[in-house]
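Undergrad: What follows is query03.csv, CSV, C-alpha atoms.
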```csv
chain,number,residue,atom,x,y,z
A,1,MET,CA,0.0,0.0,0.0
A,2,HIS,CA,1.2,3.5,-0.9
A,3,CYS,CA,1.0,6.2,1.7
A,4,PHE,CA,1.6,9.9,1.2
A,5,ILE,CA,1.0,12.8,3.6
A,6,GLY,CA,0.2,16.2,2.1
A,7,LEU,CA,-2.1,17.8,-0.4
A,8,GLY,CA,-2.4,14.7,-2.6
A,9,SER,CA,-4.0,14.6,-6.1
A,10,VAL,CA,-4.9,17.6,-8.2
A,11,TRP,CA,-7.7,17.7,-10.8
A,12,VAL,CA,-9.8,20.2,-12.7
A,13,ASP,CA,-13.5,20.0,-11.8
A,14,GLY,CA,-16.5,20.4,-14.1
A,15,CYS,CA,-16.4,24.2,-13.7
A,16,GLY,CA,-12.8,24.4,-14.8
A,17,ILE,CA,-11.5,25.0,-11.3
A,18,ARG,CA,-8.2,23.5,-10.3
A,19,ARG,CA,-8.8,21.5,-7.1
A,20,GLU,CA,-6.4,19.9,-4.6
A,21,GLY,CA,-7.3,17.2,-2.2
A,22,ARG,CA,-6.4,17.3,1.5
A,23,GLY,CA,-5.3,14.8,4.1
A,24,ILE,CA,-3.9,11.3,3.7
A,25,CYS,CA,-3.5,9.7,0.3
A,26,ARG,CA,-3.5,5.9,0.3
A,27,GLY,CA,-3.3,3.1,-2.2
A,28,GLY,CA,-6.9,2.1,-3.1
A,29,ASP,CA,-8.2,-0.5,-0.7
A,30,ARG,CA,-11.7,0.6,-1.9
A,31,SER,CA,-10.6,0.8,-5.5
A,32,GLY,CA,-11.2,-2.9,-6.0
A,33,GLY,CA,-7.4,-3.5,-6.4
A,34,SER,CA,-7.2,-0.9,-9.1
A,35,GLY,CA,-4.3,0.9,-7.5
A,36,VAL,CA,-6.0,4.3,-7.6
A,37,ILE,CA,-4.6,6.8,-5.2
A,38,VAL,CA,-7.4,7.8,-2.8
A,39,MET,CA,-7.7,10.8,-0.5
A,40,GLY,CA,-8.0,10.8,3.2
A,41,LEU,CA,-11.4,11.6,4.8
A,42,GLY,CA,-10.5,14.6,7.0
A,43,ARG,CA,-13.6,16.3,8.4
A,44,VAL,CA,-16.9,15.1,6.8
A,45,VAL,CA,-20.2,17.0,7.1
A,46,VAL,CA,-23.2,14.6,6.9
A,47,GLY,CA,-26.7,15.9,6.3
A,48,GLY,CA,-29.5,13.4,7.1
A,49,SER,CA,-27.2,11.9,9.6
A,50,THR,CA,-30.0,10.3,11.8
A,51,GLY,CA,-31.8,8.4,9.1
A,52,PHE,CA,-31.3,4.7,8.2
A,53,VAL,CA,-28.4,5.2,5.9
A,54,GLY,CA,-27.0,8.3,7.6
A,55,ARG,CA,-26.5,6.8,11.0
A,56,GLU,CA,-24.7,3.8,9.4
A,57,LEU,CA,-22.5,6.1,7.4
A,58,VAL,CA,-21.6,8.2,10.5
A,59,LYS,CA,-20.5,5.0,12.3
A,60,ARG,CA,-18.5,3.9,9.3
A,61,LEU,CA,-16.7,7.2,8.9
A,62,LEU,CA,-15.9,7.4,12.6
A,63,ALA,CA,-14.2,4.0,12.4
A,64,GLU,CA,-11.9,5.2,9.7
A,65,GLU,CA,-8.4,6.1,10.8
A,66,SER,CA,-8.2,9.0,8.3
A,67,CYS,CA,-11.4,10.6,9.4
A,68,GLU,CA,-10.6,13.5,11.7
A,69,GLU,CA,-14.2,14.5,12.6
A,70,VAL,CA,-17.8,13.9,11.5
A,71,VAL,CA,-20.2,16.8,11.7
A,72,ALA,CA,-23.7,15.3,11.8
A,73,LEU,CA,-26.4,17.7,10.8
A,74,ALA,CA,-29.8,16.9,12.3
A,75,ARG,CA,-33.1,18.6,12.8
A,76,LYS,CA,-33.1,17.6,16.5
A,77,ALA,CA,-29.5,17.7,17.4
A,78,GLY,CA,-30.0,17.5,21.1
A,79,GLN,CA,-31.8,14.1,20.8
A,80,ALA,CA,-29.4,12.5,18.4
A,81,THR,CA,-26.9,11.3,20.9
A,82,ALA,CA,-29.2,11.0,23.9
A,83,PRO,CA,-30.4,7.6,25.1
A,84,GLY,CA,-32.5,6.1,22.4
A,85,GLY,CA,-31.3,8.6,19.9
A,86,ALA,CA,-30.2,7.7,16.4
A,87,LEU,CA,-26.5,8.2,17.2
A,88,TYR,CA,-26.6,7.0,20.8
A,89,SER,CA,-24.9,3.7,19.9
A,90,VAL,CA,-21.7,5.4,18.6
A,91,PRO,CA,-18.9,3.8,20.6
A,92,ALA,CA,-17.6,6.0,23.4
A,93,VAL,CA,-14.1,5.8,22.0
A,94,GLN,CA,-15.3,7.5,18.9
A,95,ARG,CA,-17.5,10.1,20.5
A,96,GLY,CA,-14.6,12.6,20.5
A,97,LYS,CA,-14.6,12.7,16.7
A,98,LEU,CA,-18.4,13.3,16.5
A,99,ARG,CA,-20.0,16.8,16.5
A,100,VAL,CA,-23.8,17.1,16.1
A,101,CYS,CA,-25.2,20.4,14.7
A,102,SER,CA,-28.8,21.5,14.3
A,103,TRP,CA,-29.9,22.5,10.8
A,104,ALA,CA,-31.6,25.5,12.6
A,105,ASP,CA,-28.2,26.8,13.8
A,106,GLU,CA,-26.9,28.1,10.5
A,107,ALA,CA,-23.9,29.9,11.9
A,108,GLU,CA,-22.6,26.7,13.5
A,109,TRP,CA,-23.0,24.3,10.6
A,110,LYS,CA,-21.7,26.9,8.1
A,111,GLN,CA,-18.7,27.3,10.2
A,112,ALA,CA,-18.2,23.6,10.3
A,113,LEU,CA,-18.1,23.6,6.5
A,114,ARG,CA,-14.9,25.7,6.5
A,115,GLY,CA,-12.0,23.4,6.4
A,116,ALA,CA,-14.1,20.3,5.9
A,117,ASN,CA,-12.9,17.9,3.2
A,118,ALA,CA,-16.3,16.5,2.2
A,119,VAL,CA,-20.1,17.0,2.4
A,120,VAL,CA,-22.5,14.1,2.1
A,121,ASN,CA,-26.2,15.0,2.0
A,122,LEU,CA,-28.7,12.2,2.7
A,123,SER,CA,-31.5,14.4,3.8
A,124,GLY,CA,-35.1,13.6,2.7
A,125,GLU,CA,-38.5,12.8,3.9
A,126,PRO,CA,-39.4,9.1,3.3
A,127,ILE,CA,-40.8,8.7,-0.2
A,128,VAL,CA,-42.7,5.6,0.7
A,129,SER,CA,-45.7,7.5,2.1
A,130,ARG,CA,-49.1,8.8,1.1
A,131,TRP,CA,-48.4,11.4,-1.5
A,132,THR,CA,-50.8,14.2,-0.4
A,133,PRO,CA,-50.1,17.6,-1.9
A,134,GLU,CA,-48.4,18.6,1.4
A,135,MET,CA,-46.3,15.5,1.5
A,136,ARG,CA,-45.1,15.9,-2.1
A,137,ILE,CA,-43.8,19.4,-1.2
A,138,LYS,CA,-42.0,18.0,1.9
A,139,ILE,CA,-40.5,15.2,-0.1
A,140,VAL,CA,-39.1,17.6,-2.7
A,141,ASN,CA,-38.0,20.4,-0.4
A,142,SER,CA,-36.3,18.2,2.2
A,143,ARG,CA,-34.0,17.1,-0.6
A,144,VAL,CA,-33.6,20.0,-2.9
A,145,GLU,CA,-33.6,22.8,-0.4
A,146,THR,CA,-31.0,21.1,1.8
A,147,ASN,CA,-28.8,20.7,-1.3
A,148,ARG,CA,-29.2,24.3,-2.1
A,149,ALA,CA,-28.5,25.5,1.4
A,150,LEU,CA,-25.2,23.5,1.5
A,151,ILE,CA,-24.1,24.5,-1.9
A,152,GLU,CA,-24.8,28.2,-1.3
A,153,ALA,CA,-22.7,27.9,1.9
A,154,ILE,CA,-19.9,26.2,0.1
A,155,GLU,CA,-19.8,28.8,-2.7
A,156,ALA,CA,-19.8,31.6,-0.1
A,157,ILE,CA,-16.5,30.4,1.4
A,158,GLU,CA,-14.0,32.9,0.0
A,159,SER,CA,-10.8,30.9,0.5
A,160,PRO,CA,-10.4,27.9,-1.8
A,161,ALA,CA,-8.3,26.2,0.8
A,162,GLU,CA,-11.2,26.2,3.2
A,163,ARG,CA,-13.8,24.9,0.8
A,164,PRO,CA,-14.9,21.2,0.9
A,165,SER,CA,-13.2,19.3,-1.9
A,166,VAL,CA,-16.3,17.2,-2.8
A,167,MET,CA,-20.0,17.0,-2.2
A,168,VAL,CA,-21.9,13.7,-2.5
A,169,ALA,CA,-25.6,13.9,-3.1
A,170,THR,CA,-28.3,11.3,-2.9
A,171,SER,CA,-30.7,10.6,-5.8
A,172,ALA,CA,-32.5,7.2,-6.5
A,173,VAL,CA,-33.2,4.7,-9.2
A,174,GLY,CA,-36.7,6.2,-9.4
A,175,TYR,CA,-35.0,8.6,-11.8
A,176,TYR,CA,-35.6,6.0,-14.6
A,177,GLY,CA,-39.4,5.7,-13.9
A,178,SER,CA,-41.0,2.3,-12.9
A,179,LYS,CA,-43.1,-0.5,-14.3
A,180,PRO,CA,-45.3,-3.0,-12.5
A,181,GLU,CA,-43.5,-6.1,-14.0
A,182,SER,CA,-39.9,-7.0,-14.6
A,183,GLY,CA,-39.0,-6.6,-18.3
A,184,ARG,CA,-35.8,-7.0,-20.2
A,185,GLU,CA,-35.0,-3.3,-20.3
A,186,THR,CA,-32.0,-2.4,-18.1
A,187,PHE,CA,-31.0,1.2,-17.3
A,188,ASP,CA,-27.5,2.5,-16.8
A,189,GLU,CA,-26.3,6.1,-16.0
A,190,SER,CA,-26.7,7.1,-19.7
A,191,SER,CA,-30.4,6.3,-19.8
A,192,PRO,CA,-32.9,9.2,-19.9
A,193,PRO,CA,-35.2,10.0,-17.0
A,194,GLY,CA,-38.6,8.4,-16.8
A,195,SER,CA,-41.9,9.8,-15.9
A,196,GLY,CA,-43.9,10.1,-12.6
A,197,PHE,CA,-43.5,11.8,-9.3
A,198,ALA,CA,-40.5,9.8,-8.1
A,199,ALA,CA,-38.7,10.5,-11.3
A,200,ASP,CA,-39.5,14.2,-11.1
A,201,VAL,CA,-38.1,14.3,-7.5
A,202,CYS,CA,-34.8,12.7,-8.7
A,203,VAL,CA,-34.5,15.0,-11.6
A,204,ARG,CA,-35.0,18.1,-9.4
A,205,VAL,CA,-32.4,16.7,-6.8
A,206,GLU,CA,-29.8,16.2,-9.6
A,207,GLU,CA,-30.6,19.6,-11.2
A,208,SER,CA,-30.0,21.3,-7.8
A,209,MET,CA,-26.4,20.1,-7.9
A,210,GLU,CA,-25.7,22.0,-11.0
A,211,ALA,CA,-25.1,25.2,-8.9
A,212,LEU,CA,-22.0,23.6,-7.3
A,213,CYS,CA,-18.9,24.8,-9.0
A,214,SER,CA,-16.3,25.0,-6.2
A,215,ALA,CA,-16.1,21.3,-5.5
A,216,ARG,CA,-16.1,18.0,-7.2
A,217,LYS,CA,-19.6,16.5,-7.2
A,218,VAL,CA,-20.8,12.9,-7.1
A,219,ILE,CA,-24.5,11.9,-7.3
A,220,LEU,CA,-25.4,8.4,-6.2
A,221,ARG,CA,-28.7,7.0,-7.6
A,222,SER,CA,-29.5,4.6,-4.8
A,223,GLY,CA,-31.5,1.4,-5.2
A,224,VAL,CA,-33.6,-0.3,-2.5
A,225,VAL,CA,-31.2,-0.3,0.5
A,226,LEU,CA,-31.1,-3.7,2.4
A,227,GLY,CA,-29.9,-3.8,6.0
A,228,PRO,CA,-31.2,-4.4,9.5
A,229,GLY,CA,-32.9,-1.6,11.4
A,230,GLY,CA,-34.5,0.3,8.6
A,231,GLY,CA,-35.5,0.6,5.0
A,232,SER,CA,-37.7,-2.0,3.3
A,233,LEU,CA,-36.3,-4.9,5.3
A,234,GLY,CA,-37.0,-3.0,8.6
A,235,ILE,CA,-40.7,-3.4,7.8
A,236,MET,CA,-40.5,-6.9,6.3
A,237,LEU,CA,-38.2,-8.6,8.8
A,238,PRO,CA,-40.6,-8.9,11.7
A,239,PHE,CA,-43.1,-10.6,9.5
A,240,PHE,CA,-40.6,-13.0,8.0
A,241,LYS,CA,-39.2,-13.9,11.4
A,242,ALA,CA,-42.7,-14.7,12.7
A,243,GLY,CA,-43.2,-17.0,9.7
A,244,LEU,CA,-45.7,-14.6,8.1
A,245,GLY,CA,-43.6,-13.2,5.3
A,246,GLY,CA,-44.3,-13.0,1.6
A,247,PRO,CA,-43.8,-10.9,-1.5
A,248,VAL,CA,-45.4,-7.5,-1.8
A,249,GLY,CA,-47.8,-7.1,-4.7
A,250,SER,CA,-47.4,-9.4,-7.7
A,251,GLY,CA,-43.9,-10.3,-6.8
A,252,LYS,CA,-43.0,-9.7,-10.5
A,253,GLN,CA,-41.8,-6.1,-10.1
A,254,SER,CA,-38.0,-5.5,-10.4
A,255,VAL,CA,-36.0,-4.6,-7.4
A,256,SER,CA,-32.7,-2.9,-8.0
A,257,TRP,CA,-31.1,-3.2,-4.5
A,258,ILE,CA,-27.9,-2.5,-2.6
A,259,SER,CA,-26.8,-3.6,0.8
A,260,ILE,CA,-26.3,-0.7,3.2
A,261,GLN,CA,-22.6,-1.9,3.6
A,262,ASP,CA,-22.0,-1.4,-0.1
A,263,LEU,CA,-23.8,1.9,-0.2
A,264,CYS,CA,-21.7,3.3,2.6
A,265,SER,CA,-18.6,2.0,1.0
A,266,LEU,CA,-19.5,3.7,-2.3
A,267,GLN,CA,-20.1,7.0,-0.4
A,268,ILE,CA,-16.7,6.7,1.3
A,269,ARG,CA,-15.1,5.8,-2.1
A,270,ALA,CA,-16.7,8.9,-3.6
A,271,ILE,CA,-15.1,11.1,-1.0
A,272,GLU,CA,-11.7,9.5,-1.2
A,273,ASP,CA,-11.2,8.9,-4.9
A,274,PRO,CA,-10.7,12.2,-6.8
A,275,THR,CA,-11.3,10.5,-10.1
A,276,LEU,CA,-15.0,9.9,-9.3
A,277,ASN,CA,-17.2,12.6,-10.7
A,278,GLY,CA,-20.9,12.8,-11.8
A,279,VAL,CA,-23.7,10.3,-11.6
A,280,TYR,CA,-23.3,6.6,-10.4
A,281,ASN,CA,-25.9,4.0,-10.0
A,282,ALA,CA,-25.6,2.7,-6.4
A,283,THR,CA,-27.1,-0.7,-7.0
A,284,ALA,CA,-25.8,-4.3,-6.9
A,285,PRO,CA,-25.0,-5.6,-10.4
A,286,LYS,CA,-27.7,-8.3,-10.3
A,287,PRO,CA,-31.3,-6.9,-9.8
A,288,VAL,CA,-34.0,-9.4,-8.9
A,289,THR,CA,-37.8,-9.5,-8.8
A,290,MET,CA,-39.7,-8.9,-5.5
A,291,GLY,CA,-40.5,-12.6,-5.4
A,292,GLU,CA,-36.9,-13.6,-5.8
A,293,MET,CA,-35.8,-11.2,-3.0
A,294,CYS,CA,-38.5,-12.5,-0.6
A,295,SER,CA,-37.6,-16.1,-1.4
A,296,SER,CA,-33.9,-15.3,-0.7
A,297,LEU,CA,-34.8,-13.6,2.6
A,298,ALA,CA,-37.0,-16.5,3.7
A,299,LYS,CA,-34.3,-19.0,2.9
A,300,SER,CA,-31.7,-17.0,4.8
A,301,LEU,CA,-34.0,-16.7,7.8
A,302,ARG,CA,-35.1,-20.4,7.4
A,303,ARG,CA,-38.7,-19.2,7.4
A,304,PRO,CA,-41.6,-19.7,5.0
A,305,ASN,CA,-42.5,-17.3,2.2
A,306,LEU,CA,-46.2,-18.0,2.0
A,307,PHE,CA,-48.1,-14.8,2.8
A,308,PRO,CA,-48.0,-12.2,0.1
A,309,VAL,CA,-49.1,-8.7,0.7
A,310,PRO,CA,-51.8,-7.8,-1.9
A,311,GLU,CA,-51.7,-4.7,-3.9
A,312,PHE,CA,-54.9,-3.3,-2.5
A,313,ALA,CA,-53.5,-3.4,1.0
A,314,ILE,CA,-50.5,-1.2,-0.1
A,315,ARG,CA,-52.9,1.1,-2.0
A,316,LEU,CA,-55.0,1.5,1.1
A,317,LEU,CA,-51.9,2.5,3.1
A,318,TYR,CA,-50.0,4.7,0.6
A,319,GLY,CA,-52.3,5.5,-2.4
A,320,ASP,CA,-50.1,6.5,-5.3
A,321,GLY,CA,-47.1,6.3,-3.0
A,322,GLY,CA,-47.4,2.5,-3.2
A,323,ASP,CA,-45.9,2.7,-6.7
A,324,ILE,CA,-42.5,2.7,-5.0
A,325,VAL,CA,-42.9,-0.9,-3.8
A,326,LEU,CA,-45.4,-2.2,-6.3
A,327,GLN,CA,-43.4,-1.2,-9.3
A,328,GLY,CA,-39.7,-1.2,-10.1
A,329,GLN,CA,-36.9,-1.0,-12.7
A,330,ARG,CA,-33.8,-3.0,-13.6
A,331,VAL,CA,-30.7,-0.8,-13.1
A,332,TYR,CA,-27.0,-1.7,-13.7
A,333,PRO,CA,-24.1,0.1,-11.9
A,334,MET,CA,-22.0,0.5,-15.0
A,335,ARG,CA,-19.9,3.4,-13.9
A,336,ALA,CA,-19.1,2.0,-10.4
A,337,LEU,CA,-17.9,-1.3,-12.0
A,338,GLU,CA,-15.9,0.6,-14.6
A,339,ALA,CA,-14.3,2.5,-11.7
A,340,GLY,CA,-13.1,-0.8,-10.2
A,341,TYR,CA,-15.6,-1.0,-7.3
A,342,GLU,CA,-16.1,-4.6,-6.1
A,343,PHE,CA,-19.4,-5.2,-4.3
A,344,GLU,CA,-19.2,-7.0,-1.0
A,345,HIS,CA,-22.7,-8.3,-1.6
A,346,ASP,CA,-23.1,-8.7,-5.3
A,347,THR,CA,-25.9,-11.3,-5.2
A,348,ILE,CA,-29.2,-11.1,-3.3
A,349,ASP,CA,-28.3,-14.4,-1.4
A,350,LYS,CA,-25.1,-12.8,0.0
A,351,ALA,CA,-27.1,-9.8,1.1
A,352,THR,CA,-29.9,-11.6,2.8
A,353,ASP,CA,-27.5,-14.1,4.4
A,354,TRP,CA,-25.6,-11.1,5.9
A,355,VAL,CA,-28.8,-9.4,7.1
A,356,ALA,CA,-29.9,-12.7,8.7
A,357,SER,CA,-26.6,-13.0,10.5
A,358,VAL,CA,-26.7,-9.6,12.1
A,359,CYS,CA,-30.4,-9.0,12.8
```
Can the structure in the file be given as structure tokens, please?

TA:
Amino acid sequence: MHCFIGLGSVWVDGCGIRREGRGICRGGDRSGGSGVIVMGLGRVVVGGSTGFVGRELVKRLLAEESCEEVVALARKAGQATAPGGALYSVPAVQRGKLRVCSWADEAEWKQALRGANAVVNLSGEPIVSRWTPEMRIKIVNSRVETNRALIEAIEAIESPAERPSVMVATSAVGYYGSKPESGRETFDESSPPGSGFAADVCVRVEESMEALCSARKVILRSGVVLGPGGGSLGIMLPFFKAGLGGPVGSGKQSVSWISIQDLCSLQIRAIEDPTLNGVYNATAPKPVTMGEMCSSLAKSLRRPNLFPVPEFAIRLLYGDGGDIVLQGQRVYPMRALEAGYEFEHDTIDKATDWVASVC
């Protein structure tokens, strides 16, 4: 492994600005053996730090030797590390590297951006919900407006040496639209956007990143995130463990998925690797149908897969928002694979076996 201390790599970003990385440069453990020189983590500011993915990313970052500090942005900062809070389980030995800031305290989090190496924004109201007019506004604004606020703060930093080197934003595979049954069509990063509310949200999120010119930008179009303690499996696991599990809807809809371990690894890779730029599909290379995912989960848990959840039940709960689970798309992570990323969980069986072993 190569190791260098100093400014590290130099590149020209999409706005023509010469950028220099900060921190520790290392031979690419996360480059899949490609030998790419990757940057150290330094200070990382994380928006949406108390959500399902955010709290896992915070823990992963704190465990990294090259991470000097994690600044966790939260709506209720005082509750995040209190007993029962989303970040309460952070090991005591790592608490010294964690700072929690409230979104409401603009002065504090804007100051934290100065000298930070990276910003990761995972903010967003859950999209699996009943899409009332009010909820549609919340879903959009919680993503777009937090991106805009962070970007405006980054661009306002006068000294280039104090600006973050990279911002990682979260989009989703809903960008490509969705269909009720699995077809042969597979989408990669070059595919055009689809139609519908979920696609419109993703397009607006990605358009909001166009205002960022003072830092490298990476957008991850995330698939269905699999892991214990949240996401789709957080809802499904209790039923499967009780022997009452089954596929949602027809079971024929495509599920482009990713384990939470791989998603966090891709986020960290996006920070460390100065060659990553633009949009990447954050999905495992082998999408499945809902029926196949549920069969794999049942097998891993050694439980039956006999009780499907009918479409009408989902529609009663979520209305049009049920499209997120009743429809899907086949997505391929072409750019991540081209960059040399090797998925820890590249098949659904590996992912569900891992979930069963830790839940």

Undergrad: So that I can see what lies close to stretch 238-241 of chain A, please list as a PyMOL selection string the residues with an atom at most 7 Å from it, counting all atoms listed in the file and leaving out residues fewer than 4 positions away in the same chain.

TA: chain A and resi 245+298+301+303

Undergrad: Pick from A:Pro83, A:Pro304, A:Gly183, A:Gly174: nearest to A:Asp200, with all atoms listed in the file counted?

TA: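 Ranking A:Pro83, A:Pro304, A:Gly183, A:Gly174 by distance to A:Asp200, first place goes to A:Gly174.
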
Undergrad: Would you pick out the contacts of A:Val331 at 7 Å or less, using only C-alpha atoms, so that residues sharing its chain but fewer than 5 positions from it are not included, and give the list as a PDB file with C-alpha atoms, keeping the file's coordinate frame?

TA:
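Once everything was written out, this is selection.pdb:
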```pdb
ATOM      1  CA  THR A 186     -32.000  -2.400 -18.100  1.00  0.00           C
ATOM      2  CA  PHE A 187     -31.000   1.200 -17.300  1.00  0.00           C
ATOM      3  CA  ASP A 188     -27.500   2.500 -16.800  1.00  0.00           C
ATOM      4  CA  SER A 256     -32.700  -2.900  -8.000  1.00  0.00           C
ATOM      5  CA  PRO A 287     -31.300  -6.900  -9.800  1.00  0.00           C
TER       6      PRO A 287
END
```

Undergrad: Provide the atom CA of A:Ser222 to atom CA of A:Pro192 distance in Å, to one decimal place.

TA: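 Those two atoms sit 16.1 Å apart.
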
Undergrad: Residues of stretch 183-227 of chain A that approach stretch 337-350 of chain A to 12 Å or less, counting all atoms listed in the file: could you list each one with the shortest pair of atoms and its distance in Å to one decimal, rows by chain and increasing residue number, as a tab-separated table?

TA:
```
residue	atom	partner	partner_atom	distance
A:Asp188	CA	A:Leu337	CA	11.4
A:Glu189	CA	A:Glu338	CA	11.8
A:Val224	CA	A:Ile348	CA	11.7
A:Val225	CA	A:Ile348	CA	11.6
A:Leu226	CA	A:Ile348	CA	9.5
A:Gly227	CA	A:His345	CA	11.4
```

Undergrad: Please indicate the distance in Å from atom CA of A:Leu220 to atom CA of A:Cys264, rounded to one decimal place.

TA: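 Interatomic distance, atom CA of A:Leu220 to atom CA of A:Cys264: 10.8 Å.
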
Undergrad: Which residue out of A:Val71, A:Val128, A:Met236, A:Val166 has the minimum interatomic distance to A:Val248 when all atoms listed in the file are used?

TA: A:Met236

Undergrad: Would you mind telling me which residue in A:Cys101, A:Ala92, A:Val140, A:Leu57 lies nearest to A:Ala72 when using all atoms listed in the file?

TA: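 Under the stated criterion, the closest residue is A:Cys101.
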